[in-house]
Structures are given as structure tokens and as C-alpha cells.
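Novice: Structure provided below as C-alpha cells; questions to follow.
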Amino acid sequence: MLLLLLGIILLHVAALVLLFVSTIVSVWTTGEFGTSDLWNNCSTANGGYHCDPATAGEWIQSVQALMILSIIFSIISLFLFFCQLFTLQKGGRFFLTGTFQILASLFVMSGAIIYTVMSPAWTPVTDTFGVSYILAWVAFPLALISGLIYVILRKRE
């Protein structure tokens with residue numbers, strides 16, 4: 001049972017780290033002349049490196065909000081798991097923890113879908129999706145799987 005709990009916690013922490021990295025690191029799209037992310041649009045022009053704030057409209061703000069919400073809900077879920085681990089009665093399920101983690105996964109999926117659909121209007125056509133974008137998509141199934149495991153998991157003594 002101890003190894004199972006350790007594995008679940010490691011899966012949750014891995015998803016949380018991927019959410020943090022994908023939100024903070026500035027490589028959602030990358031190209032020959034620069035990178036762009038949720039916060040800045042950076043380019044190399046005239047031998048220098050120049051960054052502009054991400055002000056492409058409401059869609060980028062919704063992606064920012066969804067990614068931040070996914071981090072918050074994942075942190076709340078981890079906190080709830082530890083609280084329920086010590087307060088939940090024997091045989092109880094971690095429904096609240098699982099619900100928050102599943103919502104976190106749905107938030108990151110929604111943010112990544114919006115970015116996928118809307119980013120071609122904001123970045124050059126030659127740019128490709130970067131490592132932060134890929135990490136966001138990897139965090140989605142990890143968070144979803146850990147949320148489903150929480151829902152299925154029963155507390156034992």
C-alpha cells in the first residue's frame with residue numbers, strides 16, 4: 001500500500017511539475033526568428049533580441065487563465081489528498097481529490113486546444129510548436145490518469 005501511495009504522489013507531482021514548466025518556460029512556439037509563449041512574443045531583429053508582451057487578444061488571456069487554474073487546482077488536489085489521507089474513514093474514496101485533479105487536466109487540455117486553434121493568427125506560419133506546448137499536452141493525460149486513480153482509490157488502514 002505504501003508503494004502505491006508513493007507512486008500516486010509521484011505521478012501527481014510529475015504532472016504538477018510539467019504544468020509549472022509548461023506555463024513558465026517561453027517556448028510554446030519556436031521559429032527561425034524567435035519564440036513565443038503565453039506571456040511574451042520574442043524575436044531577433046537587426047542583430048538584437050526583442051520581446052513584446054502577449055497582447056493578442058482575449059484568447060491568449062483565456063489560455064493564461066486556464067493554465068494558471070490548472071496549476072492551482074492541481075496544488076489544491078495534492079493538499080486535499082494529504083488531508084483526506086489522514087481524515088478519511090476506512091473504505092472511503094478520494095472523490096474530492098480526484099475531482100480537482102480531473103478539473104486541472106480539463107483546464108490544461110482546454111488551454112492547449114485554444115492555443116492550437118488560435119496561435120497561427122498570432123505567430124508566423126513557419127513557426128512550430130515548442131517544448132512547453134508539448135509538455136502541456138503531456139501533463140494533460142498524467143493529470144487525468146492521476147485524477148481517475150484518486151477516484152478509484154479506497155483508503156485502507
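Just remember, in the C-alpha cells the first chain shown is A, the second B, etc., residues are 1-based per chain, and ligands are 1-based in the order shown.
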Near Ile134 (chain A), within 10 Å and counting only C-alpha atoms, which residues show up once chain neighbours fewer than 4 positions away are dropped, as a ChimeraX atom specification?
Specialist: /A:18,22,27-29,112,129-130,138-139
Novice: Could you write those residues out with N, CA and C atoms, as a PDB file, in the first residue's frame?
Specialist:
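Full text of selection-v8.pdb as output:
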ATOM      1  N   LEU A  18       5.214  19.399 -14.653  1.00  0.00           N
ATOM      2  CA  LEU A  18       5.019  19.668 -16.077  1.00  0.00           C
ATOM      3  C   LEU A  18       4.100  20.866 -16.291  1.00  0.00           C
ATOM      4  N   SER A  22       5.505  24.088 -18.248  1.00  0.00           N
ATOM      5  CA  SER A  22       4.849  24.482 -19.494  1.00  0.00           C
ATOM      6  C   SER A  22       4.256  25.885 -19.409  1.00  0.00           C
ATOM      7  N   VAL A  27       8.597  28.779 -24.554  1.00  0.00           N
ATOM      8  CA  VAL A  27       8.788  28.137 -25.852  1.00  0.00           C
ATOM      9  C   VAL A  27       7.523  27.390 -26.270  1.00  0.00           C
ATOM     10  N   TRP A  28       6.403  28.083 -26.307  1.00  0.00           N
ATOM     11  CA  TRP A  28       5.193  27.442 -26.800  1.00  0.00           C
ATOM     12  C   TRP A  28       5.242  27.313 -28.310  1.00  0.00           C
ATOM     13  N   THR A  29       5.766  28.307 -28.994  1.00  0.00           N
ATOM     14  CA  THR A  29       6.066  28.177 -30.415  1.00  0.00           C
ATOM     15  C   THR A  29       7.477  28.685 -30.626  1.00  0.00           C
ATOM     16  N   ALA A 112      -4.588  24.245 -24.031  1.00  0.00           N
ATOM     17  CA  ALA A 112      -3.769  23.796 -25.158  1.00  0.00           C
ATOM     18  C   ALA A 112      -4.570  23.767 -26.457  1.00  0.00           C
ATOM     19  N   PHE A 129       5.377  24.310 -33.023  1.00  0.00           N
ATOM     20  CA  PHE A 129       5.081  24.254 -31.596  1.00  0.00           C
ATOM     21  C   PHE A 129       6.335  23.825 -30.840  1.00  0.00           C
ATOM     22  N   GLY A 130       6.558  24.453 -29.689  1.00  0.00           N
ATOM     23  CA  GLY A 130       7.766  24.224 -28.920  1.00  0.00           C
ATOM     24  C   GLY A 130       7.582  23.236 -27.777  1.00  0.00           C
ATOM     25  N   VAL A 138       1.514  16.687 -22.555  1.00  0.00           N
ATOM     26  CA  VAL A 138       1.916  15.516 -21.766  1.00  0.00           C
ATOM     27  C   VAL A 138       1.325  15.596 -20.361  1.00  0.00           C
ATOM     28  N   ALA A 139       1.225  16.800 -19.808  1.00  0.00           N
ATOM     29  CA  ALA A 139       0.662  16.974 -18.464  1.00  0.00           C
ATOM     30  C   ALA A 139      -0.817  16.617 -18.432  1.00  0.00           C
TER      31      ALA A 139
END
Novice: Hey, which bits of region 100-121 of chain A sit within 8 Å of region 141-153 of chain A, and for each residue what's the closest pair of atoms and how far apart in Å (one decimal), counting only C-alpha atoms, rows by chain and increasing number, as JSON lines?
Specialist:
{"residue": "A:Phe100", "atom": "CA", "partner": "A:Gly147", "partner_atom": "CA", "distance": 7.6}
{"residue": "A:Gln101", "atom": "CA", "partner": "A:Gly147", "partner_atom": "CA", "distance": 4.8}
{"residue": "A:Ile102", "atom": "CA", "partner": "A:Gly147", "partner_atom": "CA", "distance": 4.9}
{"residue": "A:Ala104", "atom": "CA", "partner": "A:Ala143", "partner_atom": "CA", "distance": 7.0}
{"residue": "A:Ser105", "atom": "CA", "partner": "A:Ala143", "partner_atom": "CA", "distance": 5.1}
{"residue": "A:Leu106", "atom": "CA", "partner": "A:Leu144", "partner_atom": "CA", "distance": 7.8}
Novice: Selected residues, C-alpha atoms, written as a short mmCIF file (atom, residue, chain, number, x, y, z; two decimals), in the first residue's frame, please.
Specialist:
data_model
loop_
_atom_site.label_atom_id
_atom_site.label_comp_id
_atom_site.auth_asym_id
_atom_site.auth_seq_id
_atom_site.Cartn_x
_atom_site.Cartn_y
_atom_site.Cartn_z
CA PHE A 100 -9.98 18.67 -8.51
CA GLN A 101 -7.27 16.77 -10.39
CA ILE A 102 -9.61 15.87 -13.26
CA ALA A 104 -6.99 20.52 -13.60
CA SER A 105 -6.47 18.14 -16.52
CA LEU A 106 -9.50 19.54 -18.34
#
Novice: Excluding Thr44 (chain A) and residues on its chain fewer than 6 positions from it, collect all residues at most 8 Å away from it, counting only C-alpha atoms, and give them as a ChimeraX atom specification.
Specialist: /A:33-34,50
Novice: Rounded to one decimal place, report the CA of Phe140 (chain A)-CA of Pro120 (chain A) distance in Å.
Specialist: 21.9 Å
Novice: Please identify all polymer residues within 10 Å of Ile71 (chain A), counting only C-alpha atoms, omitting same-chain residues fewer than 2 positions from it, and present them as a list in words.
Specialist: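 Near neighbours after the sequence-gap exclusion: Ala15, Leu16, Val17, Leu18, Leu19, Phe20, Thr23, Ala65, Leu66, Met67, Ile68, Leu69, Phe73, Ser74, Ile75, Ile76, Ser77, Gln101, Ala104, Ser105, Phe107 and Val108 of chain A.
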Novice: Write out, as a PDB file, in the first residue's frame, the residues just selected, with C-alpha atoms.
Specialist:
ATOM      1  CA  ALA A  15       2.045  16.295 -13.621  1.00  0.00           C
ATOM      2  CA  LEU A  16       2.323  19.367 -11.391  1.00  0.00           C
ATOM      3  CA  VAL A  17       5.947  19.984 -12.400  1.00  0.00           C
ATOM      4  CA  LEU A  18       5.019  19.668 -16.077  1.00  0.00           C
ATOM      5  CA  LEU A  19       2.211  22.178 -15.566  1.00  0.00           C
ATOM      6  CA  PHE A  20       4.581  24.641 -13.905  1.00  0.00           C
ATOM      7  CA  THR A  23       3.301  27.647 -18.076  1.00  0.00           C
ATOM      8  CA  ALA A  65      -6.048  31.796 -17.039  1.00  0.00           C
ATOM      9  CA  LEU A  66      -6.689  28.135 -17.839  1.00  0.00           C
ATOM     10  CA  MET A  67      -3.045  27.182 -17.324  1.00  0.00           C
ATOM     11  CA  ILE A  68      -2.901  29.049 -14.010  1.00  0.00           C
ATOM     12  CA  LEU A  69      -6.184  27.443 -12.933  1.00  0.00           C
ATOM     13  CA  PHE A  73      -6.417  23.017  -8.929  1.00  0.00           C
ATOM     14  CA  SER A  74      -3.578  20.504  -9.047  1.00  0.00           C
ATOM     15  CA  ILE A  75      -1.985  22.032  -5.930  1.00  0.00           C
ATOM     16  CA  ILE A  76      -5.357  22.013  -4.156  1.00  0.00           C
ATOM     17  CA  SER A  77      -5.822  18.396  -5.192  1.00  0.00           C
ATOM     18  CA  GLN A 101      -7.270  16.769 -10.394  1.00  0.00           C
ATOM     19  CA  ALA A 104      -6.987  20.520 -13.602  1.00  0.00           C
ATOM     20  CA  SER A 105      -6.470  18.145 -16.519  1.00  0.00           C
ATOM     21  CA  PHE A 107      -8.229  23.094 -17.823  1.00  0.00           C
ATOM     22  CA  VAL A 108      -4.817  22.299 -19.319  1.00  0.00           C
TER      23      VAL A 108
END
Novice: For region 82-91 of chain A, find every residue with an atom within 12 Å (counting only C-alpha atoms), except residues of its own chain fewer than 3 positions away, and show them as a PyMOL selection string.
Specialist: chain A and resi 2+5-6+8-9+12+75-79+94-98+150+152-157
Novice: Save the residues we just selected, N, CA, C and O atoms, as a CSV table (one decimal), in the first residue's frame?
Specialist:
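Output contents, as saved in result-v5.csv:
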chain,number,residue,atom,x,y,z
A,2,LEU,N,2.0,1.2,0.7
A,2,LEU,CA,2.9,2.3,0.8
A,2,LEU,C,3.5,2.7,-0.6
A,2,LEU,O,3.6,3.8,-1.0
A,5,LEU,N,0.8,4.4,-2.7
A,5,LEU,CA,0.7,5.8,-2.4
A,5,LEU,C,1.8,6.6,-2.9
A,5,LEU,O,1.7,7.7,-3.4
A,6,LEU,N,3.0,6.1,-2.8
A,6,LEU,CA,4.2,6.8,-3.3
A,6,LEU,C,4.1,6.9,-4.8
A,6,LEU,O,4.5,8.0,-5.3
A,8,ILE,N,1.4,7.1,-6.6
A,8,ILE,CA,0.4,8.1,-6.9
A,8,ILE,C,0.9,9.5,-6.7
A,8,ILE,O,0.6,10.4,-7.5
A,9,ILE,N,1.6,9.7,-5.6
A,9,ILE,CA,2.1,11.0,-5.3
A,9,ILE,C,3.1,11.4,-6.3
A,9,ILE,O,3.1,12.6,-6.7
A,12,HIS,N,1.4,12.5,-9.4
A,12,HIS,CA,0.7,13.8,-9.3
A,12,HIS,C,1.8,14.9,-9.3
A,12,HIS,O,1.6,15.9,-10.0
A,75,ILE,N,-2.5,21.8,-7.3
A,75,ILE,CA,-2.0,22.0,-5.9
A,75,ILE,C,-3.0,21.8,-4.9
A,75,ILE,O,-2.8,21.1,-3.9
A,76,ILE,N,-4.3,22.3,-5.1
A,76,ILE,CA,-5.4,22.0,-4.2
A,76,ILE,C,-5.6,20.5,-4.1
A,76,ILE,O,-5.9,20.0,-3.0
A,77,SER,N,-5.6,19.8,-5.2
A,77,SER,CA,-5.8,18.4,-5.2
A,77,SER,C,-4.8,17.7,-4.4
A,77,SER,O,-5.1,16.7,-3.6
A,78,LEU,N,-3.5,18.0,-4.5
A,78,LEU,CA,-2.4,17.4,-3.7
A,78,LEU,C,-2.6,17.7,-2.2
A,78,LEU,O,-2.5,16.8,-1.4
A,79,PHE,N,-3.0,18.9,-1.9
A,79,PHE,CA,-3.2,19.2,-0.5
A,79,PHE,C,-4.4,18.4,0.0
A,79,PHE,O,-4.4,17.9,1.2
A,94,PHE,N,-11.4,8.9,-2.5
A,94,PHE,CA,-10.9,10.3,-2.6
A,94,PHE,C,-11.6,11.0,-3.7
A,94,PHE,O,-10.9,11.5,-4.6
A,95,PHE,N,-12.9,11.1,-3.6
A,95,PHE,CA,-13.7,11.8,-4.7
A,95,PHE,C,-13.3,13.2,-4.9
A,95,PHE,O,-13.1,13.7,-6.0
A,96,LEU,N,-13.2,14.0,-3.8
A,96,LEU,CA,-12.9,15.4,-3.9
A,96,LEU,C,-11.5,15.6,-4.5
A,96,LEU,O,-11.3,16.5,-5.4
A,97,THR,N,-10.5,14.9,-4.1
A,97,THR,CA,-9.2,15.0,-4.6
A,97,THR,C,-9.2,14.7,-6.1
A,97,THR,O,-8.6,15.4,-6.9
A,98,GLY,N,-9.9,13.6,-6.5
A,98,GLY,CA,-9.9,13.2,-7.9
A,98,GLY,C,-10.7,14.2,-8.7
A,98,GLY,O,-10.3,14.5,-9.9
A,150,TYR,N,-7.3,8.6,-8.2
A,150,TYR,CA,-7.8,9.1,-6.9
A,150,TYR,C,-9.3,8.7,-6.7
A,150,TYR,O,-9.7,8.4,-5.6
A,152,ILE,N,-10.8,6.1,-8.0
A,152,ILE,CA,-10.9,4.7,-7.8
A,152,ILE,C,-10.4,4.3,-6.5
A,152,ILE,O,-10.9,3.3,-5.9
A,153,LEU,N,-9.4,4.9,-6.0
A,153,LEU,CA,-8.6,4.6,-4.8
A,153,LEU,C,-9.5,4.6,-3.5
A,153,LEU,O,-10.3,5.5,-3.3
A,154,ARG,N,-9.4,3.5,-2.7
A,154,ARG,CA,-10.1,3.4,-1.4
A,154,ARG,C,-9.0,3.5,-0.3
A,154,ARG,O,-7.9,3.0,-0.5
A,155,LYS,N,-9.4,4.1,0.8
A,155,LYS,CA,-8.5,4.2,1.9
A,155,LYS,C,-8.5,2.9,2.7
A,155,LYS,O,-9.6,2.4,3.0
A,156,ARG,N,-7.3,2.4,3.0
A,156,ARG,CA,-7.2,1.2,3.8
A,156,ARG,C,-6.4,1.6,5.1
A,156,ARG,O,-5.7,2.6,5.1
A,157,GLU,N,-6.4,0.7,6.1
A,157,GLU,CA,-5.6,1.0,7.2
A,157,GLU,C,-4.2,0.5,7.1
A,157,GLU,O,-3.9,-0.4,6.4
Novice: What separation in Å, quoted to one decimal, exists between CA of Asn46 (chain A) and CA of Val131 (chain A)?
Specialist: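 Distance reported for this atom pair: 26.0 Å.
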Novice: Using Å and a single decimal, report how far CA of Pro53 (chain A) sits from CA of Gly111 (chain A).
Specialist: 18.4 Å
Novice: Determine, counting only C-alpha atoms, which protein, DNA and RNA residues have an atom within 9 Å of an atom of Asp52 (chain A); residues of the same chain fewer than 3 positions away are not included. Present the result as a list of chain:residue names.
Specialist: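 Neighbouring residues, sequence-local ones excluded: A:Trp39, A:Asn40, A:Asn41, A:Cys42, A:Ser43, A:Thr55.
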Novice: For the residues selected in the previous step, produce a file with all heavy atoms as a compact mmCIF listing (two decimals), in the first residue's frame.
Specialist:
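Result file again_16.txt:
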# COMPACT_ATOMS: atom_id res chain seq x y z
N TRP A 39 3.21 34.56 -22.36
CA TRP A 39 3.46 35.86 -21.75
C TRP A 39 4.19 36.82 -22.67
O TRP A 39 3.96 38.02 -22.59
CB TRP A 39 4.27 35.68 -20.46
CG TRP A 39 3.72 34.57 -19.63
CD1 TRP A 39 4.25 33.32 -19.47
CD2 TRP A 39 2.51 34.57 -18.88
NE1 TRP A 39 3.44 32.56 -18.67
CE2 TRP A 39 2.38 33.31 -18.28
CE3 TRP A 39 1.53 35.53 -18.64
CZ2 TRP A 39 1.30 32.97 -17.47
CZ3 TRP A 39 0.47 35.19 -17.83
CH2 TRP A 39 0.35 33.93 -17.25
N ASN A 40 5.07 36.33 -23.54
CA ASN A 40 5.87 37.20 -24.41
C ASN A 40 5.94 36.64 -25.82
O ASN A 40 5.80 35.44 -26.04
CB ASN A 40 7.32 37.30 -23.88
CG ASN A 40 7.39 38.02 -22.56
OD1 ASN A 40 6.79 39.08 -22.40
ND2 ASN A 40 8.11 37.45 -21.63
N ASN A 41 6.21 37.54 -26.75
CA ASN A 41 6.47 37.18 -28.14
C ASN A 41 7.84 37.77 -28.48
O ASN A 41 7.96 38.96 -28.70
CB ASN A 41 5.38 37.74 -29.05
CG ASN A 41 5.39 37.11 -30.41
OD1 ASN A 41 6.25 36.30 -30.72
ND2 ASN A 41 4.43 37.51 -31.23
N CYS A 42 8.88 36.93 -28.48
CA CYS A 42 10.26 37.39 -28.65
C CYS A 42 10.76 37.09 -30.06
O CYS A 42 10.46 36.04 -30.63
CB CYS A 42 11.18 36.72 -27.63
SG CYS A 42 10.71 37.04 -25.93
N SER A 43 11.55 38.02 -30.59
CA SER A 43 12.09 37.84 -31.93
C SER A 43 13.48 38.45 -32.02
O SER A 43 13.85 39.32 -31.24
CB SER A 43 11.17 38.46 -32.98
OG SER A 43 11.07 39.85 -32.74
N THR A 55 -0.16 40.39 -26.13
CA THR A 55 -1.42 41.13 -26.13
C THR A 55 -2.17 40.86 -27.43
O THR A 55 -2.55 41.77 -28.14
CB THR A 55 -1.18 42.65 -25.99
OG1 THR A 55 -0.29 43.06 -27.04
CG2 THR A 55 -0.58 42.99 -24.65
Novice: Just list as a count of residues only whatever in chain A DSSP marks as alpha helix (DSSP H).
Specialist: 99
Novice: Can you list, as a CSV table (one decimal) with N, CA, C and O atoms, in the first residue's frame, every protein, DNA or RNA residue that comes within 8 Å of Ile114 (chain A) when you count only C-alpha atoms, leaving out same-chain residues fewer than 3 positions away?
Specialist:
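Once everything was written out, this is around_16.csv:
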chain,number,residue,atom,x,y,z
A,59,TRP,N,-8.1,35.5,-26.4
A,59,TRP,CA,-7.8,34.1,-26.4
A,59,TRP,C,-6.5,33.8,-25.7
A,59,TRP,O,-6.5,32.8,-25.0
A,63,VAL,N,-6.1,31.4,-22.3
A,63,VAL,CA,-5.1,30.3,-22.2
A,63,VAL,C,-4.3,30.5,-20.9
A,63,VAL,O,-4.0,29.6,-20.2
A,110,SER,N,-8.1,22.3,-22.3
A,110,SER,CA,-8.8,23.4,-22.9
A,110,SER,C,-7.8,24.5,-23.3
A,110,SER,O,-7.9,25.1,-24.4
A,111,GLY,N,-6.9,24.9,-22.5
A,111,GLY,CA,-5.9,25.9,-22.8
A,111,GLY,C,-5.0,25.5,-24.0
A,111,GLY,O,-4.8,26.3,-24.9
A,117,VAL,N,-5.6,26.2,-31.8
A,117,VAL,CA,-6.5,26.8,-32.8
A,117,VAL,C,-6.2,28.3,-33.1
A,117,VAL,O,-6.2,28.7,-34.3
A,118,MET,N,-5.8,29.0,-32.1
A,118,MET,CA,-5.7,30.5,-32.3
A,118,MET,C,-4.2,31.0,-32.6
A,118,MET,O,-4.0,32.1,-33.1
Novice: Apply DSSP to the backbone of this structure and, from region 8-147 of chain A, keep only the residues in strand (DSSP E); write these as a PyMOL selection string.
Specialist: chain A and resi 29-31+34-36+40-45+48-53+128-129
